[in-house]
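Okay, data.pdb now, which holds PDB, C-alpha atoms:
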ATOM      1  CA  MET A  42     124.471  46.862  36.118
ATOM      2  CA  SER A  43     120.829  45.743  36.574
ATOM      3  CA  GLY A  44     118.813  46.423  39.703
ATOM      4  CA  PHE A  45     118.833  42.707  40.538
ATOM      5  CA  GLN A  46     122.629  42.551  40.313
ATOM      6  CA  LYS A  47     122.950  45.564  42.617
ATOM      7  CA  VAL A  48     120.632  43.980  45.190
ATOM      8  CA  SER A  49     122.432  40.648  44.874
ATOM      9  CA  GLN A  50     125.853  42.235  45.381
ATOM     10  CA  PHE A  51     124.606  44.228  48.372
ATOM     11  CA  ILE A  52     123.205  41.112  50.045
ATOM     12  CA  GLN A  53     126.418  39.173  49.357
ATOM     13  CA  LYS A  54     128.594  41.978  50.758
ATOM     14  CA  THR A  55     126.449  42.141  53.896
ATOM     15  CA  PHE A  56     126.255  38.360  54.261
ATOM     16  CA  ALA A  57     127.561  38.376  57.844
ATOM     17  CA  LEU A  58     124.814  40.821  58.842
ATOM     18  CA  TRP A  59     122.054  38.541  57.507
ATOM     19  CA  VAL A  60     123.600  35.542  59.261
ATOM     20  CA  LEU A  61     123.708  37.497  62.513
ATOM     21  CA  LEU A  62     120.107  38.700  62.176
ATOM     22  CA  ALA A  63     118.850  35.199  61.333
ATOM     23  CA  ALA A  64     120.775  33.687  64.244
ATOM     24  CA  ALA A  65     119.416  36.319  66.647
ATOM     25  CA  ALA A  66     115.845  35.776  65.426
ATOM     26  CA  ALA A  67     116.187  31.983  65.732
ATOM     27  CA  PHE A  68     117.632  32.325  69.237
ATOM     28  CA  MET A  69     114.735  34.530  70.398
ATOM     29  CA  TRP A  70     112.024  32.549  68.573
ATOM     30  CA  PRO A  71     113.319  28.987  67.985
ATOM     31  CA  ALA A  72     109.892  27.532  67.269
ATOM     32  CA  GLY A  73     109.646  29.688  64.162
ATOM     33  CA  PHE A  74     112.784  28.188  62.592
ATOM     34  CA  LYS A  75     112.927  24.562  63.725
ATOM     35  CA  TRP A  76     110.850  23.511  60.725
ATOM     36  CA  ILE A  77     113.911  24.207  58.554
ATOM     37  CA  VAL A  78     116.029  21.491  60.248
ATOM     38  CA  PRO A  79     114.841  18.584  58.019
ATOM     39  CA  TRP A  80     115.690  20.676  54.955
ATOM     40  CA  ILE A  81     119.308  21.458  55.879
ATOM     41  CA  THR A  82     120.856  18.851  53.579
ATOM     42  CA  TRP A  83     118.641  19.981  50.680
ATOM     43  CA  LEU A  84     119.664  23.582  51.223
ATOM     44  CA  LEU A  85     123.346  22.666  51.171
ATOM     45  CA  GLY A  86     122.740  20.583  48.042
ATOM     46  CA  ILE A  87     121.375  23.703  46.337
ATOM     47  CA  VAL A  88     124.557  25.596  47.284
ATOM     48  CA  MET A  89     126.737  22.813  45.878
ATOM     49  CA  PHE A  90     124.658  22.635  42.677
ATOM     50  CA  GLY A  91     125.294  26.353  42.257
ATOM     51  CA  MET A  92     129.006  25.694  42.619
ATOM     52  CA  GLY A  93     128.784  23.007  39.938
ATOM     53  CA  ILE A  94     127.192  25.261  37.325
ATOM     54  CA  THR A  95     129.795  27.976  37.898
ATOM     55  CA  LEU A  96     132.886  25.727  37.713
ATOM     56  CA  SER A  97     134.775  25.793  34.422
ATOM     57  CA  THR A  98     137.440  23.685  32.764
ATOM     58  CA  ALA A  99     139.854  26.556  33.466
ATOM     59  CA  ASP A 100     139.434  25.896  37.193
ATOM     60  CA  PHE A 101     140.660  22.345  36.747
ATOM     61  CA  ARG A 102     143.432  23.338  34.328
ATOM     62  CA  GLU A 103     144.815  25.530  37.103
ATOM     63  CA  VAL A 104     145.552  22.366  39.078
ATOM     64  CA  ALA A 105     147.742  21.078  36.233
ATOM     65  CA  ARG A 106     149.432  24.467  35.750
ATOM     66  CA  HIS A 107     150.399  24.947  39.387
ATOM     67  CA  PRO A 108     150.344  21.494  41.023
ATOM     68  CA  LYS A 109     152.716  22.470  43.851
ATOM     69  CA  ALA A 110     150.617  25.444  45.006
ATOM     70  CA  VAL A 111     147.336  23.536  44.752
ATOM     71  CA  LEU A 112     148.814  20.539  46.574
ATOM     72  CA  ILE A 113     150.068  22.798  49.369
ATOM     73  CA  GLY A 114     146.636  24.420  49.650
ATOM     74  CA  VAL A 115     144.704  21.155  49.742
ATOM     75  CA  VAL A 116     147.098  19.420  52.150
ATOM     76  CA  ALA A 117     147.034  22.473  54.432
ATOM     77  CA  GLN A 118     143.228  22.460  54.301
ATOM     78  CA  PHE A 119     142.970  18.866  55.478
ATOM     79  CA  VAL A 120     145.894  18.953  57.922
ATOM     80  CA  VAL A 121     145.989  22.420  59.517
ATOM     81  CA  MET A 122     142.301  22.942  60.281
ATOM     82  CA  PRO A 123     141.531  19.420  61.575
ATOM     83  CA  GLY A 124     144.775  19.453  63.575
ATOM     84  CA  LEU A 125     144.007  22.839  65.106
ATOM     85  CA  ALA A 126     140.479  21.705  65.942
ATOM     86  CA  TYR A 127     141.801  18.642  67.737
ATOM     87  CA  LEU A 128     144.438  20.591  69.670
ATOM     88  CA  LEU A 129     141.922  23.258  70.714
ATOM     89  CA  SER A 130     139.438  20.606  71.815
ATOM     90  CA  LYS A 131     142.056  18.837  73.923
ATOM     91  CA  GLY A 132     143.834  21.944  75.170
ATOM     92  CA  LEU A 133     140.643  23.695  76.273
ATOM     93  CA  ASN A 134     139.073  20.452  77.534
ATOM     94  CA  LEU A 135     135.899  21.088  75.529
ATOM     95  CA  PRO A 136     132.718  19.163  76.320
ATOM     96  CA  PRO A 137     132.358  16.186  73.941
ATOM     97  CA  GLU A 138     129.415  17.592  71.945
ATOM     98  CA  ILE A 139     131.303  20.850  71.314
ATOM     99  CA  ALA A 140     134.584  19.080  70.562
ATOM    100  CA  ILE A 141     133.032  16.927  67.837
ATOM    101  CA  GLY A 142     131.408  20.020  66.313
ATOM    102  CA  VAL A 143     134.700  21.936  66.249
ATOM    103  CA  ILE A 144     136.564  18.973  64.745
ATOM    104  CA  LEU A 145     133.809  18.390  62.184
ATOM    105  CA  VAL A 146     133.970  21.928  60.794
ATOM    106  CA  GLY A 147     137.766  21.633  60.817
ATOM    107  CA  CYS A 148     137.558  18.537  58.607
ATOM    108  CA  CYS A 149     135.388  20.239  55.985
ATOM    109  CA  PRO A 150     136.802  21.539  52.687
ATOM    110  CA  GLY A 151     137.273  25.214  51.902
ATOM    111  CA  GLY A 152     134.217  27.381  51.312
ATOM    112  CA  THR A 153     133.469  29.258  48.085
ATOM    113  CA  ALA A 154     133.509  32.561  50.002
ATOM    114  CA  SER A 155     137.289  32.155  50.145
ATOM    115  CA  ASN A 156     137.462  32.770  46.394
ATOM    116  CA  VAL A 157     135.792  36.165  46.740
ATOM    117  CA  MET A 158     137.961  37.115  49.712
ATOM    118  CA  THR A 159     141.129  36.153  47.822
ATOM    119  CA  TYR A 160     140.056  38.342  44.922
ATOM    120  CA  LEU A 161     139.415  41.283  47.263
ATOM    121  CA  ALA A 162     142.780  40.684  48.980
ATOM    122  CA  ARG A 163     144.498  40.783  45.559
ATOM    123  CA  GLY A 164     145.695  37.244  45.996
ATOM    124  CA  ASN A 165     145.854  34.483  43.392
ATOM    125  CA  THR A 166     142.128  33.968  42.787
ATOM    126  CA  ALA A 167     142.654  31.192  40.228
ATOM    127  CA  LEU A 168     144.654  29.248  42.811
ATOM    128  CA  SER A 169     141.940  29.766  45.426
ATOM    129  CA  VAL A 170     139.233  28.472  43.071
ATOM    130  CA  ALA A 171     141.378  25.470  42.129
ATOM    131  CA  CYS A 172     142.024  24.645  45.811
ATOM    132  CA  THR A 173     138.315  24.968  46.674
ATOM    133  CA  ALA A 174     137.335  22.713  43.780
ATOM    134  CA  ALA A 175     140.004  20.116  44.590
ATOM    135  CA  SER A 176     139.302  20.027  48.344
ATOM    136  CA  THR A 177     135.545  19.844  47.722
ATOM    137  CA  LEU A 178     135.907  16.903  45.330
ATOM    138  CA  LEU A 179     138.151  15.121  47.854
ATOM    139  CA  ALA A 180     135.787  15.834  50.764
ATOM    140  CA  PRO A 181     133.644  12.667  50.442
ATOM    141  CA  LEU A 182     136.733  10.589  51.203
ATOM    142  CA  LEU A 183     138.861  12.838  53.417
ATOM    143  CA  THR A 184     136.244  14.555  55.607
ATOM    144  CA  PRO A 185     134.778  11.315  57.087
ATOM    145  CA  ALA A 186     138.206   9.635  57.322
ATOM    146  CA  ILE A 187     139.944  12.504  59.138
ATOM    147  CA  PHE A 188     136.930  13.127  61.364
ATOM    148  CA  TYR A 189     136.872   9.451  62.334
ATOM    149  CA  LEU A 190     140.568   9.507  63.250
ATOM    150  CA  LEU A 191     140.339  12.658  65.374
ATOM    151  CA  ALA A 192     136.890  12.521  66.971
ATOM    152  CA  ARG A 193     136.392   8.838  67.751
ATOM    153  CA  GLU A 194     137.603   9.301  71.338
ATOM    154  CA  TRP A 195     134.551  11.488  72.012
ATOM    155  CA  ILE A 196     131.822   9.645  70.098
ATOM    156  CA  ASP A 197     131.099   6.513  68.057
ATOM    157  CA  ILE A 198     131.353   7.437  64.376
ATOM    158  CA  ASP A 199     129.955   5.667  61.321
ATOM    159  CA  ALA A 200     132.484   6.914  58.762
ATOM    160  CA  GLY A 201     130.812   4.936  55.967
ATOM    161  CA  SER A 202     127.467   6.621  56.573
ATOM    162  CA  MET A 203     129.151  10.030  56.678
ATOM    163  CA  PHE A 204     130.904   9.218  53.383
ATOM    164  CA  ILE A 205     127.512   8.580  51.775
ATOM    165  CA  SER A 206     126.161  11.825  53.257
ATOM    166  CA  VAL A 207     129.009  13.897  51.809
ATOM    167  CA  LEU A 208     128.512  12.214  48.430
ATOM    168  CA  LYS A 209     124.822  13.154  48.526
ATOM    169  CA  VAL A 210     125.175  16.762  49.654
ATOM    170  CA  VAL A 211     128.464  17.683  47.922
ATOM    171  CA  LEU A 212     129.618  15.510  45.039
ATOM    172  CA  PHE A 213     126.227  14.559  43.585
ATOM    173  CA  PRO A 214     124.883  18.152  43.392
ATOM    174  CA  ILE A 215     128.185  19.418  41.944
ATOM    175  CA  ALA A 216     128.084  16.644  39.335
ATOM    176  CA  LEU A 217     124.514  17.629  38.437
ATOM    177  CA  GLY A 218     125.654  21.237  38.085
ATOM    178  CA  LEU A 219     128.502  20.248  35.776
ATOM    179  CA  ILE A 220     126.137  18.102  33.683
ATOM    180  CA  ALA A 221     123.629  20.960  33.454
ATOM    181  CA  GLN A 222     126.420  23.267  32.352
ATOM    182  CA  ALA A 223     127.559  20.790  29.685
ATOM    183  CA  LEU A 224     124.026  20.218  28.341
ATOM    184  CA  LEU A 225     122.686  23.776  28.483
ATOM    185  CA  GLY A 226     125.872  25.675  27.650
ATOM    186  CA  ALA A 227     125.367  29.441  27.559
ATOM    187  CA  ARG A 228     121.778  29.153  28.752
ATOM    188  CA  VAL A 229     122.971  28.056  32.182
ATOM    189  CA  LYS A 230     124.559  31.484  32.666
ATOM    190  CA  ALA A 231     121.099  32.962  33.238
ATOM    191  CA  VAL A 232     120.621  30.566  36.148
ATOM    192  CA  ALA A 233     124.176  31.127  37.388
ATOM    193  CA  GLU A 234     123.392  34.808  38.000
ATOM    194  CA  PHE A 235     120.958  33.777  40.714
ATOM    195  CA  THR A 236     123.165  31.198  42.435
ATOM    196  CA  PRO A 237     125.180  33.557  44.706
ATOM    197  CA  LEU A 238     121.977  35.084  46.090
ATOM    198  CA  VAL A 239     120.314  31.681  46.512
ATOM    199  CA  SER A 240     123.452  30.398  48.266
ATOM    200  CA  VAL A 241     123.341  33.296  50.721
ATOM    201  CA  PHE A 242     119.712  32.582  51.622
ATOM    202  CA  ALA A 243     120.423  28.845  51.925
ATOM    203  CA  ILE A 244     123.361  29.316  54.320
ATOM    204  CA  VAL A 245     121.410  31.887  56.355
ATOM    205  CA  ALA A 246     118.529  29.405  56.651
ATOM    206  CA  ILE A 247     120.919  26.616  57.726
ATOM    207  CA  VAL A 248     122.413  28.805  60.456
ATOM    208  CA  ALA A 249     118.949  29.800  61.681
ATOM    209  CA  ALA A 250     117.873  26.148  61.830
ATOM    210  CA  VAL A 251     120.978  25.113  63.790
ATOM    211  CA  VAL A 252     120.564  27.957  66.283
ATOM    212  CA  ALA A 253     116.863  27.182  66.757
ATOM    213  CA  ALA A 254     117.558  23.494  67.388
ATOM    214  CA  SER A 255     120.281  24.270  69.965
ATOM    215  CA  GLN A 256     118.966  27.453  71.581
ATOM    216  CA  ALA A 257     119.178  26.225  75.166
ATOM    217  CA  ARG A 258     122.733  24.900  74.869
ATOM    218  CA  ILE A 259     123.887  28.022  73.047
ATOM    219  CA  ALA A 260     122.706  30.075  75.996
ATOM    220  CA  GLU A 261     125.007  27.994  78.205
ATOM    221  CA  THR A 262     128.059  27.554  75.959
ATOM    222  CA  GLY A 263     127.818  30.218  73.237
ATOM    223  CA  LEU A 264     130.725  32.339  74.497
ATOM    224  CA  LEU A 265     133.023  29.313  74.773
ATOM    225  CA  ILE A 266     132.177  28.147  71.241
ATOM    226  CA  PHE A 267     132.631  31.637  69.815
ATOM    227  CA  THR A 268     136.065  31.924  71.436
ATOM    228  CA  VAL A 269     137.149  28.549  70.027
ATOM    229  CA  VAL A 270     135.857  29.449  66.556
ATOM    230  CA  MET A 271     137.775  32.744  66.572
ATOM    231  CA  LEU A 272     140.995  30.970  67.578
ATOM    232  CA  HIS A 273     140.455  28.204  65.020
ATOM    233  CA  ASN A 274     139.797  30.642  62.185
ATOM    234  CA  GLY A 275     142.590  33.091  63.090
ATOM    235  CA  LEU A 276     145.232  30.396  63.529
ATOM    236  CA  GLY A 277     144.140  28.878  60.221
ATOM    237  CA  TYR A 278     144.893  32.152  58.418
ATOM    238  CA  LEU A 279     148.222  32.528  60.207
ATOM    239  CA  ILE A 280     149.522  29.000  59.677
ATOM    240  CA  GLY A 281     148.189  28.884  56.114
ATOM    241  CA  TYR A 282     150.066  32.062  55.172
ATOM    242  CA  TRP A 283     153.372  31.275  56.857
ATOM    243  CA  GLY A 284     153.308  27.634  55.817
ATOM    244  CA  ALA A 285     152.903  28.631  52.151
ATOM    245  CA  ARG A 286     155.584  31.293  52.523
ATOM    246  CA  LEU A 287     158.078  28.877  54.067
ATOM    247  CA  LEU A 288     157.444  26.496  51.167
ATOM    248  CA  GLY A 289     158.491  29.167  48.680
ATOM    249  CA  LEU A 290     155.195  30.379  47.215
ATOM    250  CA  SER A 291     154.645  33.960  46.068
ATOM    251  CA  HIS A 292     152.940  36.607  48.217
ATOM    252  CA  ALA A 293     149.778  36.389  46.086
ATOM    253  CA  ASP A 294     149.762  32.603  46.523
ATOM    254  CA  ASN A 295     150.398  32.940  50.268
ATOM    255  CA  LYS A 296     147.311  35.127  50.639
ATOM    256  CA  ALA A 297     145.206  32.660  48.657
ATOM    257  CA  ILE A 298     146.369  29.702  50.766
ATOM    258  CA  ALA A 299     145.832  31.607  54.037
ATOM    259  CA  ILE A 300     142.254  32.511  53.167
ATOM    260  CA  GLU A 301     141.557  29.086  51.691
ATOM    261  CA  VAL A 302     142.724  27.367  54.876
ATOM    262  CA  GLY A 303     141.008  29.750  57.291
ATOM    263  CA  MET A 304     137.563  29.791  55.635
ATOM    264  CA  GLN A 305     135.617  26.540  55.823
ATOM    265  CA  ASN A 306     132.538  25.096  54.148
ATOM    266  CA  SER A 307     130.712  25.519  57.435
ATOM    267  CA  GLY A 308     127.371  24.726  55.790
ATOM    268  CA  LEU A 309     128.610  21.196  55.193
ATOM    269  CA  GLY A 310     129.653  20.904  58.833
ATOM    270  CA  ALA A 311     126.217  22.014  59.994
ATOM    271  CA  ALA A 312     124.466  19.633  57.601
ATOM    272  CA  LEU A 313     126.562  16.628  58.640
ATOM    273  CA  ALA A 314     126.078  17.401  62.336
ATOM    274  CA  ALA A 315     122.320  17.757  61.854
ATOM    275  CA  VAL A 316     122.116  14.374  60.130
ATOM    276  CA  HIS A 317     124.573  12.314  62.192
ATOM    277  CA  PHE A 318     124.398  13.844  65.676
ATOM    278  CA  LYS A 319     120.696  14.435  66.234
ATOM    279  CA  ALA A 320     121.063  13.449  69.888
ATOM    280  CA  ASN A 321     123.639  16.255  70.294
ATOM    281  CA  PRO A 322     122.264  19.188  68.273
ATOM    282  CA  VAL A 323     124.855  21.541  69.812
ATOM    283  CA  ALA A 324     127.460  19.736  67.648
ATOM    284  CA  ALA A 325     126.200  21.814  64.721
ATOM    285  CA  VAL A 326     126.669  25.121  66.554
ATOM    286  CA  PRO A 327     130.436  25.542  65.903
ATOM    287  CA  SER A 328     129.690  25.336  62.169
ATOM    288  CA  ALA A 329     126.903  27.926  62.487
ATOM    289  CA  ILE A 330     129.119  30.331  64.429
ATOM    290  CA  PHE A 331     132.005  29.690  62.042
ATOM    291  CA  SER A 332     129.725  30.671  59.155
ATOM    292  CA  PHE A 333     129.053  33.994  60.825
ATOM    293  CA  TRP A 334     132.569  34.713  62.046
ATOM    294  CA  HIS A 335     134.607  33.887  58.944
ATOM    295  CA  ASN A 336     132.378  36.222  56.957
ATOM    296  CA  ILE A 337     133.562  39.004  59.262
ATOM    297  CA  SER A 338     137.224  38.028  59.635
ATOM    298  CA  GLY A 339     137.631  37.211  55.930
ATOM    299  CA  PRO A 340     136.605  40.666  54.642
ATOM    300  CA  LEU A 341     138.684  42.339  57.380
ATOM    301  CA  LEU A 342     141.788  40.391  56.351
ATOM    302  CA  ALA A 343     141.122  40.959  52.646
ATOM    303  CA  THR A 344     140.685  44.711  53.214
ATOM    304  CA  TYR A 345     143.953  44.870  55.184
ATOM    305  CA  TRP A 346     145.907  43.154  52.413
ATOM    306  CA  ALA A 347     144.234  45.204  49.660
ATOM    307  CA  ARG A 348     145.057  48.499  51.385
ATOM    308  CA  LYS A 349     148.607  47.320  51.950
ATOM    309  CA  GLU A 350     148.922  46.671  48.205
ATOM    310  CA  GLU A 351     147.518  50.138  47.456
ATOM    311  CA  ARG A 352     150.032  51.819  49.774
ATOM    312  CA  ARG A 353     152.841  49.819  48.205
ATOM    313  CA  ALA A 354     151.738  50.883  44.697
ATOM    314  CA  GLN A 355     151.522  54.541  45.752
ATOM    315  CA  GLY A 356     154.781  54.519  47.683
TER     316      GLY A 356
END
In structure tokens, what does this structure look like?
Amino acid sequence: MSGFQKVSQFIQKTFALWVLLAAAAAFMWPAGFKWIVPWITWLLGIVMFGMGITLSTADFREVARHPKAVLIGVVAQFVVMPGLAYLLSKGLNLPPEIAIGVILVGCCPGGTASNVMTYLARGNTALSVACTAASTLLAPLLTPAIFYLLAREWIDIDAGSMFISVLKVVLFPIALGLIAQALLGARVKAVAEFTPLVSVFAIVAIVAAVVAASQARIAETGLLIFTVVMLHNGLGYLIGYWGARLLGLSHADNKAIAIEVGMQNSGLGAALAAVHFKANPVAAVPSAIFSFWHNISGPLLATYWARKEERRAQG
């Protein structure tokens, strides 16, 4: 393994630490990070382009091989997390700007980090990748539509404008990545080696920008948002696992669905909030905190399941 690969793997494994450090620095010195705010959508586009050049035809064939499992995963993604977000917002009587942020991150597709966590948990990684790809490709239609249905009581929403935004920052960059892969073939693999590291830096920068833009409101409501994010994420894992189990999927599939449902593309939530809710910058904070928290809870859950598998194999 090259020195670059070792450094890249170390930074990826300690992702949550870098997010925390960036968030802390942005909170203490917001002026030094606010300049990143206009670049949030570009940063997310880079992450999605990286996803595009790493997708393969095998990822899409998995959908045809196991349509029931993929359908369960995608439906759970766009039903469980938005539904939980709405119930938490109503049940805890969240302020409107926080409620729309929580619902927005709940309406986002699964994040690519879920694929790594599923692998570490010894779940069905192919299923996780297929669910991430499918939910991401459906996001331009489903994310604005579901968000409009659930959040319109708190704020006026231009679902059409949000649809265009998701096309620009998700589908268009992924399509460019797929085209680059088709045209360059094996040569794109050299670029693909850098994409995980670039994605880490991009998400860290997005979180820092969101925290800097909302520093004052975070000081007032940070604990409340963190509590809601923890509940949202934890219940997503729980309902994802037991829902898949009740529908007759295997244990490996159950783990994949649980992680896929619980881990969101929080970068997309932050980008959409930054573009569409400039008057309420705190709406992006739930996505920023989610980005930090699910990169702690995900590895913890994956480690628990992996050790359980090891004990079962030894026993």
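Our summary of the geometry notes that CA of Val252 (chain A) is positioned 21.1 Å from CA of Ile52 (chain A).
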For a test of reading the model, state the distance in Å between CA of Gly289 (chain A) and CA of Ala110 (chain A), rounded to one decimal.
9.5 Å
Could you tell me how far CA of Gly152 (chain A) lies from CA of Glu301 (chain A), in Å and to one decimal?
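Straight-line distance from CA of Gly152 (chain A) to CA of Glu301 (chain A) works out to 7.5 Å.
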Per-residue nearest contacts of region 153-239 of chain A to region 331-334 of chain A (12 Å; only C-alpha atoms) as a Markdown table:
| residue | atom | partner | partner_atom | distance |
| --- | --- | --- | --- | --- |
| A:Thr153 | CA | A:Ser332 | CA | 11.8 |
| A:Ala154 | CA | A:Ser332 | CA | 10.1 |
| A:Ser155 | CA | A:Ser332 | CA | 11.9 |
Leaving out Glu234 (chain A) and any residue of its chain fewer than 4 positions from it, which residues lie within 10 Å of it when counting only C-alpha atoms, given as a list in words?
Phe45, Gln46, Ser49, Gly91, Thr95, Val229, Lys230, Leu238 and Val239 of chain A
Which of these, A:Val78, A:Ala354, A:Ala167, A:Ile144, has the shortest distance to Ala293 (chain A) once you count all atoms listed in the file?
A:Ala167
Which residue of A:Leu288, A:Val88, A:Val248, A:Ala180 approaches Ala64 (chain A) most closely, using only C-alpha atoms
A:Val248
Near Pro150 (chain A), counting only C-alpha atoms, which residues have an atom at most 10 Å away, once you skip same-chain residues fewer than 4 positions from it, shown as a ChimeraX atom specification?
/A:115,118-119,122,146,172-181,183-184,301-302,304-307,309-310
With C-alpha atoms retained, could you export that selection as a CSV table (one decimal), in the coordinates of the input?
chain,number,residue,atom,x,y,z
A,115,VAL,CA,144.7,21.2,49.7
A,118,GLN,CA,143.2,22.5,54.3
A,119,PHE,CA,143.0,18.9,55.5
A,122,MET,CA,142.3,22.9,60.3
A,146,VAL,CA,134.0,21.9,60.8
A,172,CYS,CA,142.0,24.6,45.8
A,173,THR,CA,138.3,25.0,46.7
A,174,ALA,CA,137.3,22.7,43.8
A,175,ALA,CA,140.0,20.1,44.6
A,176,SER,CA,139.3,20.0,48.3
A,177,THR,CA,135.5,19.8,47.7
A,178,LEU,CA,135.9,16.9,45.3
A,179,LEU,CA,138.2,15.1,47.9
A,180,ALA,CA,135.8,15.8,50.8
A,181,PRO,CA,133.6,12.7,50.4
A,183,LEU,CA,138.9,12.8,53.4
A,184,THR,CA,136.2,14.6,55.6
A,301,GLU,CA,141.6,29.1,51.7
A,302,VAL,CA,142.7,27.4,54.9
A,304,MET,CA,137.6,29.8,55.6
A,305,GLN,CA,135.6,26.5,55.8
A,306,ASN,CA,132.5,25.1,54.1
A,307,SER,CA,130.7,25.5,57.4
A,309,LEU,CA,128.6,21.2,55.2
A,310,GLY,CA,129.7,20.9,58.8
Which residue, A:Ala315, A:Ala200, A:Leu276, A:Leu208, has the smallest gap to Ser255 (chain A) when you use only C-alpha atoms?
A:Ala315
Evaluating the PyMOL selection byres ((chain A and resi 217) around 12) on the displayed file yields which residues, as a list of chain:residue names?
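Selected by the PyMOL selection byres ((chain A and resi 217) around 12) in this file: A:Gly86, A:Ile87, A:Val88, A:Met89, A:Phe90, A:Gly91, A:Met92, A:Gly93, A:Ile94, A:Thr95, A:Leu96, A:Lys209, A:Val210, A:Val211, A:Leu212, A:Phe213, A:Pro214, A:Ile215, A:Ala216, A:Gly218, A:Leu219, A:Ile220, A:Ala221, A:Gln222, A:Ala223, A:Leu224, A:Leu225.
Taken over the whole file, the PyMOL selection byres ((chain A and resi 337-345) around 6) covers exactly A:Met158, A:Leu161, A:Ala162, A:Trp334, A:His335, A:Asn336, A:Trp346, A:Ala347, A:Arg348.
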Hits of the PyMOL selection byres ((chain A and resi 259) around 12) in this structure, as a VMD selection string:
chain A and resid 64 to 65 67 to 69 71 138 to 139 251 to 258 260 to 267 322 to 327 329 to 330
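Within 10 Å of the point (133.4, 4.8, 56.2) in file coordinates, and counting only C-alpha atoms, lie the residues Pro181, Leu182, Pro185, Ala186, Tyr189, Ile198, Asp199, Ala200, Gly201, Ser202, Met203, Phe204 and Ile205 of chain A.
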Considering only C-alpha atoms, state which residue in the set A:Leu287, A:Ile280, A:Ala314, A:Ala249 is at the smallest distance from Ala66 (chain A).
A:Ala249
Residues at most 12 Å from region 130-135 of chain A, counting all atoms listed in the file, excluding those fewer than 4 positions away in the same chain, as an MDAnalysis selection string?
chainID A and resid 123:126 139:145 147 191:192 194:195 262 265:266 268:270 272:273 324 327
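Each of A:Asn321, A:Thr82, A:Ser240, A:Asn274 was compared to Gly151 (chain A) using all atoms listed in the file, and A:Asn274 turns out to be the nearest.
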Closest of A:Ser291, A:Arg286, A:Ala297, A:Thr55 to Tyr160 (chain A), counting all atoms listed in the file, is A:Ala297
How big is the axis-aligned box around all listed atoms of region 315-327 of chain A once 3 Å goes on each side, and where's its centre, in Å to one decimal, as lines of an AutoDock Vina configuration file?
center_x = 125.6
center_y = 18.9
center_z = 65.2
size_x = 15.7
size_y = 19.2
size_z = 16.2
Please write a file for region 179-216 of chain A, taken from the block I just shared, that holds C-alpha atoms and is laid out as an mmCIF file, in the first residue's frame.
data_model
loop_
_atom_site.group_PDB
_atom_site.id
_atom_site.type_symbol
_atom_site.label_atom_id
_atom_site.label_comp_id
_atom_site.auth_asym_id
_atom_site.auth_seq_id
_atom_site.Cartn_x
_atom_site.Cartn_y
_atom_site.Cartn_z
ATOM 1 C CA LEU A 179 -34.536 9.189 -7.429
ATOM 2 C CA ALA A 180 -33.631 12.140 -5.184
ATOM 3 C CA PRO A 181 -34.293 14.923 -7.742
ATOM 4 C CA LEU A 182 -37.945 13.877 -7.823
ATOM 5 C CA LEU A 183 -38.598 12.459 -4.351
ATOM 6 C CA THR A 184 -36.585 14.807 -2.109
ATOM 7 C CA PRO A 185 -38.396 18.032 -3.185
ATOM 8 C CA ALA A 186 -41.799 16.297 -3.371
ATOM 9 C CA ILE A 187 -41.636 14.705 0.091
ATOM 10 C CA PHE A 188 -40.124 17.832 1.629
ATOM 11 C CA TYR A 189 -42.936 19.928 0.159
ATOM 12 C CA LEU A 190 -45.587 17.603 1.597
ATOM 13 C CA LEU A 191 -44.097 17.522 5.099
ATOM 14 C CA ALA A 192 -42.591 20.977 5.609
ATOM 15 C CA ARG A 193 -45.056 23.308 3.905
ATOM 16 C CA GLU A 194 -46.845 24.032 7.194
ATOM 17 C CA TRP A 195 -43.674 25.734 8.462
ATOM 18 C CA ILE A 196 -42.476 27.584 5.355
ATOM 19 C CA ASP A 197 -43.379 28.412 1.750
ATOM 20 C CA ILE A 198 -41.549 25.955 -0.504
ATOM 21 C CA ASP A 199 -40.724 26.195 -4.202
ATOM 22 C CA ALA A 200 -40.538 22.469 -4.964
ATOM 23 C CA GLY A 201 -39.776 23.135 -8.637
ATOM 24 C CA SER A 202 -36.734 25.235 -7.781
ATOM 25 C CA MET A 203 -35.536 22.582 -5.331
ATOM 26 C CA PHE A 204 -35.977 19.935 -8.048
ATOM 27 C CA ILE A 205 -33.656 21.926 -10.318
ATOM 28 C CA SER A 206 -31.151 22.318 -7.467
ATOM 29 C CA VAL A 207 -31.021 18.569 -6.810
ATOM 30 C CA LEU A 208 -30.590 17.932 -10.539
ATOM 31 C CA LYS A 209 -27.643 20.346 -10.591
ATOM 32 C CA VAL A 210 -25.845 19.128 -7.477
ATOM 33 C CA VAL A 211 -26.669 15.392 -7.651
ATOM 34 C CA LEU A 212 -27.804 13.979 -10.980
ATOM 35 C CA PHE A 213 -25.752 16.181 -13.317
ATOM 36 C CA PRO A 214 -22.394 15.567 -11.556
ATOM 37 C CA ILE A 215 -23.099 11.819 -11.299
ATOM 38 C CA ALA A 216 -23.944 11.741 -15.013
#
